[in-house]
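Below: work_34.csv (CSV, C-alpha atoms)
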```csv
chain,number,residue,atom,x,y,z
D,56,ALA,CA,37.9,-3.3,13.4
D,57,PHE,CA,35.4,-4.2,10.7
D,58,LYS,CA,31.8,-3.9,11.9
D,59,GLY,CA,30.4,-6.5,9.5
D,60,SER,CA,28.5,-4.0,7.4
D,61,GLY,CA,29.2,-1.8,4.3
D,62,PHE,CA,27.8,-0.2,1.2
D,63,ILE,CA,27.8,-1.2,-2.5
D,64,GLN,CA,27.1,1.3,-5.2
D,65,PHE,CA,25.6,-0.3,-8.4
D,66,SER,CA,25.7,1.2,-11.9
D,67,THR,CA,22.0,0.9,-12.4
D,68,VAL,CA,18.8,0.8,-10.4
D,69,SER,CA,17.9,-2.6,-11.7
D,70,GLU,CA,21.2,-4.1,-10.4
D,71,GLY,CA,20.4,-2.6,-7.0
D,72,LYS,CA,17.0,-4.2,-7.0
D,73,LYS,CA,18.5,-7.6,-7.7
D,74,ALA,CA,20.8,-7.1,-4.8
D,75,ILE,CA,17.9,-6.1,-2.5
D,76,ALA,CA,16.2,-9.4,-3.5
D,77,LYS,CA,19.0,-11.3,-1.8
D,78,HIS,CA,18.0,-10.0,1.6
D,79,GLY,CA,18.0,-12.9,4.0
D,80,SER,CA,20.2,-15.2,1.8
D,81,GLU,CA,23.2,-17.0,3.3
D,82,PHE,CA,26.7,-15.8,2.5
D,83,MET,CA,29.8,-17.5,4.1
D,84,GLY,CA,27.6,-19.0,6.7
D,85,LYS,CA,25.8,-15.7,7.6
D,86,GLN,CA,22.3,-14.6,6.8
D,87,ILE,CA,22.9,-11.2,5.2
D,88,CYS,CA,20.8,-8.1,5.4
D,89,CYS,CA,20.3,-6.0,2.2
D,90,GLU,CA,18.4,-2.7,2.2
D,91,TYR,CA,18.6,0.6,0.4
D,92,SER,CA,21.1,3.0,1.9
D,93,ARG,CA,20.2,6.4,3.2
D,94,PRO,CA,21.5,9.4,1.3
D,95,LEU,CA,25.0,10.7,2.2
D,96,ARG,CA,25.1,13.6,4.6
D,97,GLN,CA,27.8,16.2,5.2
D,98,ARG,CA,29.8,16.2,8.4
D,99,PRO,CA,31.5,19.4,9.7
D,100,GLY,CA,34.7,19.8,7.7
D,101,GLY,CA,33.2,18.5,4.5
D,102,SER,CA,33.5,14.7,4.9
D,103,GLU,CA,30.5,12.5,4.2
D,104,SER,CA,28.8,9.8,6.3
D,105,ARG,CA,25.8,7.6,6.5
D,106,THR,CA,23.7,6.8,9.5
D,107,SER,CA,25.3,3.9,11.3
D,108,THR,CA,23.8,1.1,13.3
D,109,PRO,CA,22.6,2.5,16.7
D,110,GLY,CA,25.0,1.8,19.5
D,111,PRO,CA,24.3,1.0,23.2
D,112,GLY,CA,21.8,3.4,24.7
D,113,MET,CA,20.6,4.6,21.3
D,114,LYS,CA,17.0,4.1,20.2
D,115,GLN,CA,16.7,1.1,17.8
D,116,GLU,CA,14.6,1.6,14.7
D,117,ARG,CA,11.4,-0.6,14.3
D,118,PRO,CA,11.6,-3.3,11.6
D,119,LYS,CA,10.4,-1.8,8.4
D,120,THR,CA,7.6,-4.3,7.7
D,121,ARG,CA,4.9,-1.8,6.4
D,122,VAL,CA,4.6,-1.0,2.7
D,123,PHE,CA,2.5,1.9,1.4
D,124,ILE,CA,0.8,1.0,-1.9
D,125,SER,CA,-1.0,3.5,-4.2
D,126,ASN,CA,-2.5,3.9,-7.7
D,127,LEU,CA,-4.8,1.0,-6.9
D,128,ASP,CA,-8.0,0.1,-8.8
D,129,TYR,CA,-11.1,1.3,-7.0
D,130,ASN,CA,-12.5,-2.2,-6.8
D,131,ILE,CA,-9.5,-3.8,-5.3
D,132,ASP,CA,-10.0,-6.1,-2.3
D,133,GLU,CA,-7.8,-7.8,0.3
D,134,ASN,CA,-7.7,-11.2,-1.6
D,135,LYS,CA,-6.3,-9.6,-4.8
D,136,VAL,CA,-3.6,-7.8,-2.8
D,137,LYS,CA,-2.6,-11.0,-1.0
D,138,GLU,CA,-2.5,-12.9,-4.2
D,139,PHE,CA,-0.3,-10.1,-5.8
D,140,PHE,CA,2.2,-10.1,-3.0
D,141,LYS,CA,2.0,-13.9,-2.4
D,142,SER,CA,5.6,-14.5,-3.6
D,143,CYS,CA,7.0,-11.8,-1.2
D,144,GLY,CA,5.9,-13.4,2.1
D,145,ASP,CA,3.2,-13.5,4.7
D,146,ILE,CA,0.9,-10.5,5.2
D,147,ARG,CA,-0.1,-9.5,8.7
D,148,ASN,CA,-2.8,-7.0,7.8
D,149,ILE,CA,-4.0,-4.5,5.2
D,150,ARG,CA,-5.4,-1.1,5.9
D,151,TRP,CA,-7.1,1.1,3.3
D,152,SER,CA,-7.1,4.9,3.1
D,153,GLU,CA,-10.5,6.6,3.4
D,154,ARG,CA,-11.5,10.2,3.1
D,155,ASN,CA,-15.0,11.3,3.8
D,156,GLY,CA,-16.1,7.7,3.2
D,157,GLU,CA,-14.4,7.4,-0.2
D,158,PHE,CA,-11.7,4.9,-0.9
D,159,GLN,CA,-8.5,6.8,-1.9
D,160,CYS,CA,-7.1,3.9,-4.0
D,161,LYS,CA,-4.2,3.5,-1.6
D,162,GLY,CA,-3.4,1.8,1.7
D,163,VAL,CA,-0.7,0.1,3.8
D,164,VAL,CA,0.2,-3.6,3.8
D,165,GLU,CA,2.0,-4.9,6.9
D,166,PHE,CA,4.2,-7.9,6.3
D,167,GLU,CA,5.4,-10.4,8.9
D,168,SER,CA,9.0,-9.6,8.1
D,169,ALA,CA,11.2,-6.7,6.8
D,170,ALA,CA,12.5,-9.1,4.1
D,171,ALA,CA,9.0,-9.6,2.8
D,172,ALA,CA,8.4,-5.9,2.8
D,173,GLN,CA,11.6,-5.3,0.8
D,174,LYS,CA,10.5,-7.8,-1.8
D,175,ALA,CA,7.1,-6.1,-2.1
D,176,VAL,CA,8.8,-2.8,-2.8
D,177,LEU,CA,10.5,-4.3,-5.8
D,178,LYS,CA,7.0,-4.9,-7.3
D,179,THR,CA,6.4,-1.2,-7.8
D,180,GLY,CA,5.4,-0.5,-11.4
D,181,GLU,CA,3.9,-4.0,-11.9
D,182,ASP,CA,0.4,-4.4,-13.2
D,183,LEU,CA,-2.5,-5.1,-10.7
D,184,MET,CA,-6.0,-5.0,-12.1
D,185,GLY,CA,-4.8,-2.8,-15.0
D,186,LYS,CA,-3.0,-0.4,-12.8
D,187,ASN,CA,0.8,0.1,-12.4
D,188,ILE,CA,1.0,0.2,-8.6
D,189,ARG,CA,3.5,2.1,-6.5
D,190,ALA,CA,5.0,0.4,-3.4
D,191,GLU,CA,7.4,2.0,-0.9
D,192,ILE,CA,8.3,1.4,2.7
D,193,SER,CA,5.9,3.2,4.9
D,194,ASN,CA,6.9,5.6,7.7
D,195,PRO,CA,6.1,4.5,11.2
D,196,PRO,CA,2.5,5.3,12.3
D,197,ARG,CA,2.0,8.5,14.3
D,198,ARG,CA,0.6,8.0,17.8
D,199,ASP,CA,-1.0,11.4,18.2
D,200,ARG,CA,-4.2,10.7,16.3
D,201,GLY,CA,-6.3,9.0,18.9
D,202,ASN,CA,-7.3,5.3,18.7
D,203,ASN,CA,-7.3,4.9,14.9
D,204,GLU,CA,-6.0,1.4,15.2
D,205,ASN,CA,-9.2,0.5,17.2
D,206,THR,CA,-11.5,2.2,14.7
D,207,VAL,CA,-13.3,0.8,11.7
D,208,PHE,CA,-14.9,2.6,8.7
D,209,ILE,CA,-18.3,1.2,7.9
D,210,GLY,CA,-20.1,2.3,4.7
D,211,ASN,CA,-23.1,1.7,2.3
D,212,LEU,CA,-25.4,1.9,5.3
D,213,PRO,CA,-29.2,2.4,5.2
D,214,PHE,CA,-29.9,6.1,5.5
D,215,ASP,CA,-32.2,5.6,8.5
D,216,VAL,CA,-29.8,3.3,10.4
D,217,THR,CA,-29.2,4.2,14.1
D,218,GLU,CA,-26.1,4.0,16.3
D,219,ASN,CA,-27.8,1.3,18.4
D,220,GLU,CA,-28.4,-0.8,15.3
D,221,ILE,CA,-24.8,-0.6,14.4
D,222,THR,CA,-23.7,-1.5,17.9
D,223,GLN,CA,-26.0,-4.6,17.8
D,224,PHE,CA,-24.7,-5.5,14.3
D,225,ALA,CA,-21.2,-5.5,15.7
D,226,ASN,CA,-21.0,-6.8,19.3
D,227,PRO,CA,-22.3,-4.6,22.1
D,228,GLY,CA,-19.6,-5.9,24.4
D,229,ASP,CA,-16.8,-4.9,22.0
D,230,VAL,CA,-18.1,-1.5,20.8
D,231,LYS,CA,-16.8,1.6,22.6
D,232,ALA,CA,-18.5,4.3,20.4
D,233,VAL,CA,-20.3,4.7,17.0
D,234,ARG,CA,-20.2,7.9,15.0
D,235,LEU,CA,-22.5,8.3,12.0
D,236,VAL,CA,-21.3,11.1,9.6
D,237,LYS,CA,-23.9,13.7,8.6
D,238,ASP,CA,-23.8,16.6,6.1
D,239,ARG,CA,-22.8,19.8,7.9
D,240,VAL,CA,-25.4,21.9,6.0
D,241,THR,CA,-28.4,19.6,5.7
D,242,SER,CA,-27.6,17.3,8.7
D,243,ARG,CA,-28.6,14.4,6.6
D,244,PHE,CA,-26.8,11.1,7.2
D,245,LYS,CA,-24.2,10.4,4.4
D,246,GLY,CA,-24.5,6.6,4.6
D,247,PHE,CA,-21.2,5.9,6.4
D,248,GLY,CA,-19.6,6.2,9.8
D,249,PHE,CA,-17.0,4.9,12.2
D,250,VAL,CA,-17.1,2.3,14.9
D,251,GLU,CA,-14.5,2.4,17.7
D,252,PHE,CA,-13.8,-0.8,19.5
D,253,GLY,CA,-12.3,-1.6,22.9
D,254,SER,CA,-9.1,-2.9,21.3
D,255,LYS,CA,-7.2,-3.4,18.0
D,256,SER,CA,-7.9,-7.1,18.1
D,257,MET,CA,-11.7,-6.5,18.4
D,258,ALA,CA,-11.6,-4.1,15.4
D,259,GLU,CA,-9.6,-6.7,13.3
D,260,LYS,CA,-12.1,-9.4,14.3
D,261,PHE,CA,-15.1,-7.3,13.2
D,262,VAL,CA,-13.5,-6.5,9.8
D,263,LYS,CA,-12.7,-10.2,9.2
D,264,GLU,CA,-16.2,-11.3,10.1
D,265,LYS,CA,-18.1,-8.6,8.4
D,266,VAL,CA,-16.4,-8.3,5.0
D,267,GLY,CA,-19.2,-8.9,2.5
D,268,ALA,CA,-21.9,-9.0,5.2
D,269,ARG,CA,-25.3,-7.4,4.7
D,270,LEU,CA,-27.3,-5.1,6.9
D,271,ARG,CA,-31.0,-5.0,6.0
D,272,GLY,CA,-30.1,-6.5,2.7
D,273,ARG,CA,-27.4,-4.0,1.8
D,274,PRO,CA,-23.8,-5.2,1.3
D,275,ILE,CA,-21.8,-3.0,3.7
D,276,ARG,CA,-18.2,-1.9,3.3
D,277,VAL,CA,-15.8,-2.3,6.3
D,278,ARG,CA,-12.2,-1.2,6.4
D,279,GLU,CA,-9.7,-0.5,9.2
D,280,MET,CA,-8.6,3.0,9.5
D,281,LEU,CA,-5.3,3.9,7.9
D,282,GLU,CA,-2.2,4.5,10.0
D,283,HIS,CA,0.2,5.8,7.4
D,284,GLY,CA,3.0,8.1,8.5
D,285,GLY,CA,2.8,10.5,5.6
D,286,THR,CA,4.6,9.3,2.5
D,287,ASN,CA,1.5,10.0,0.4
```
For the file at hand, write its structure as structure tokens.
Amino acid sequence: AFKGSGFIQFSTVSEGKKAIAKHGSEFMGKQICCEYSRPLRQRPGGSESRTSTPGPGMKQERPKTRVFISNLDYNIDENKVKEFFKSCGDIRNIRWSERNGEFQCKGVVEFESAAAAQKAVLKTGEDLMGKNIRAEISNPPRRDRGNNENTVFIGNLPFDVTENEITQFANPGDVKAVRLVKDRVTSRFKGFGFVEFGSKSMAEKFVKEKVGARLRGRPIRVREMLEHGGTN
């Protein structure tokens, strides 16, 4: 019996992209799902197959709502990203990639729906602040890296700031730990650190409230830690 799904091979990539854009459209009274197919794999005996929809008792895949974006301008901000992807759908959150306090010009945008994420992928190669960005579906986040989702990067800090001052700047009742990063050789503070909160919602609230805020007159930088599963 027909299972209600199948595969279409197009002659060109652009034709395939147009088909993906129809994800969520109505066809013969049904809302259809369009997504890129996985590569063919060999079965014993030489026949080919694609991974099918999980059956009873099999683990269901999480909706692919996260898009990894790269080749970003160093001065990008959340508002510019939201404006760029506005036509795709609602964005749940944006996480930037940091390494040793430096923005890596990449991050992960989580959309409210898989359909919105698929539309965002189609914008790869388009111009954003003079850069041709790359966008691809992100792998699921790995859960063996501690509480990254509860942790916030905080930078451009005064060089004599203390952990207690950072705690007071945030909210003592929400903060679980503060780590100020120092040079391994000189032990001098590098001007940035990490704040771990009691929950993901507390971390998100801090970022939302403190973007553009000042500490002792210095405009600080705050970003949530990246939870990207390794497509970079």
Could you please determine the separation between atom CA of D:Ser125 and atom CA of D:Asp145 in Å, to one decimal place?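 Straight-line distance from atom CA of D:Ser125 to atom CA of D:Asp145 works out to 19.6 Å.
Using all atoms listed in the file for every distance, the candidate list D:Ile149, D:Ile192, D:Ala225, D:Val164 yields D:Ile149 as the residue closest to D:Arg278.
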Please provide as a PDB file with C-alpha atoms, in the coordinates of the input all residues within 8 Å of D:Thr120, with the sequence filter that same-chain residues fewer than 3 positions apart are discarded (counting all atoms listed in the file).
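As a result, part07.pdb now contains:
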```
ATOM      1  CA  GLU D 165       2.000  -4.900   6.900  1.00  0.00           C
ATOM      2  CA  PHE D 166       4.200  -7.900   6.300  1.00  0.00           C
ATOM      3  CA  GLU D 167       5.400 -10.400   8.900  1.00  0.00           C
ATOM      4  CA  SER D 168       9.000  -9.600   8.100  1.00  0.00           C
ATOM      5  CA  ALA D 169      11.200  -6.700   6.800  1.00  0.00           C
ATOM      6  CA  ALA D 170      12.500  -9.100   4.100  1.00  0.00           C
ATOM      7  CA  ALA D 171       9.000  -9.600   2.800  1.00  0.00           C
ATOM      8  CA  ALA D 172       8.400  -5.900   2.800  1.00  0.00           C
ATOM      9  CA  ILE D 192       8.300   1.400   2.700  1.00  0.00           C
TER      10      ILE D 192
END
```
Quick one: everything within 6 Å of stretch 245-253 of chain D, counting all atoms listed in the file, minus sequence neighbours fewer than 2 positions away in the same chain. Send it as JSON, numbers by chain. {"D": [205, 206, 207, 208, 209, 210, 211, 212, 214, 229, 230, 231, 232, 233, 234, 235, 236, 237, 258]}
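When atom CA of D:Thr179 is paired with atom CA of D:Lys119, their separation reads 16.7 Å.
Residue nearest D:Val163 within the list D:Glu264, D:Glu70, D:Glu279, D:Glu90: D:Glu279 [criterion: smallest interatomic distance, all atoms listed in the file].
For the choices D:Arg271, D:Arg154, D:Lys137, D:Lys73, the atom-to-atom distance to D:Val216 is smallest for D:Arg271 when using all atoms listed in the file.
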Write out as a VMD selection string each polymer residue whose atoms come within 8 Å of D:Trp151, counting all atoms listed in the file; drop sequence neighbours fewer than 4 positions from it. chain D and resid 158 to 163 278 to 281
Might you pull out every residue within 9 Å of D:Ile131, with all atoms listed in the file counted and same-chain residues fewer than 4 positions away left off, and present them as number ranges by chain? D: 127, 135-136, 160, 183-184
Tell me, in Å to one decimal, how far atom CA of D:Phe139 is from atom CA of D:Ala76.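 Computed distance, atom CA of D:Phe139 to atom CA of D:Ala76, equals 16.7 Å.
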Residue with smallest distance to D:Lys263 - pool D:Gln64, D:Thr222, D:Asn134, D:Asn187, counting only C-alpha atoms: D:Asn134
Ref. answer, residues at most 12 Å from (23.4, -2.5, -6.6) with only C-alpha atoms, as a PyMOL selection string: chain D and resi 62-77+89-92
Nearest to D:Lys178: which of D:Met83, D:Ile221, D:Ile124, D:Ala268 is it, counting all atoms listed in the file?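 With all atoms listed in the file as the atom set, the closest residue is D:Ile124.
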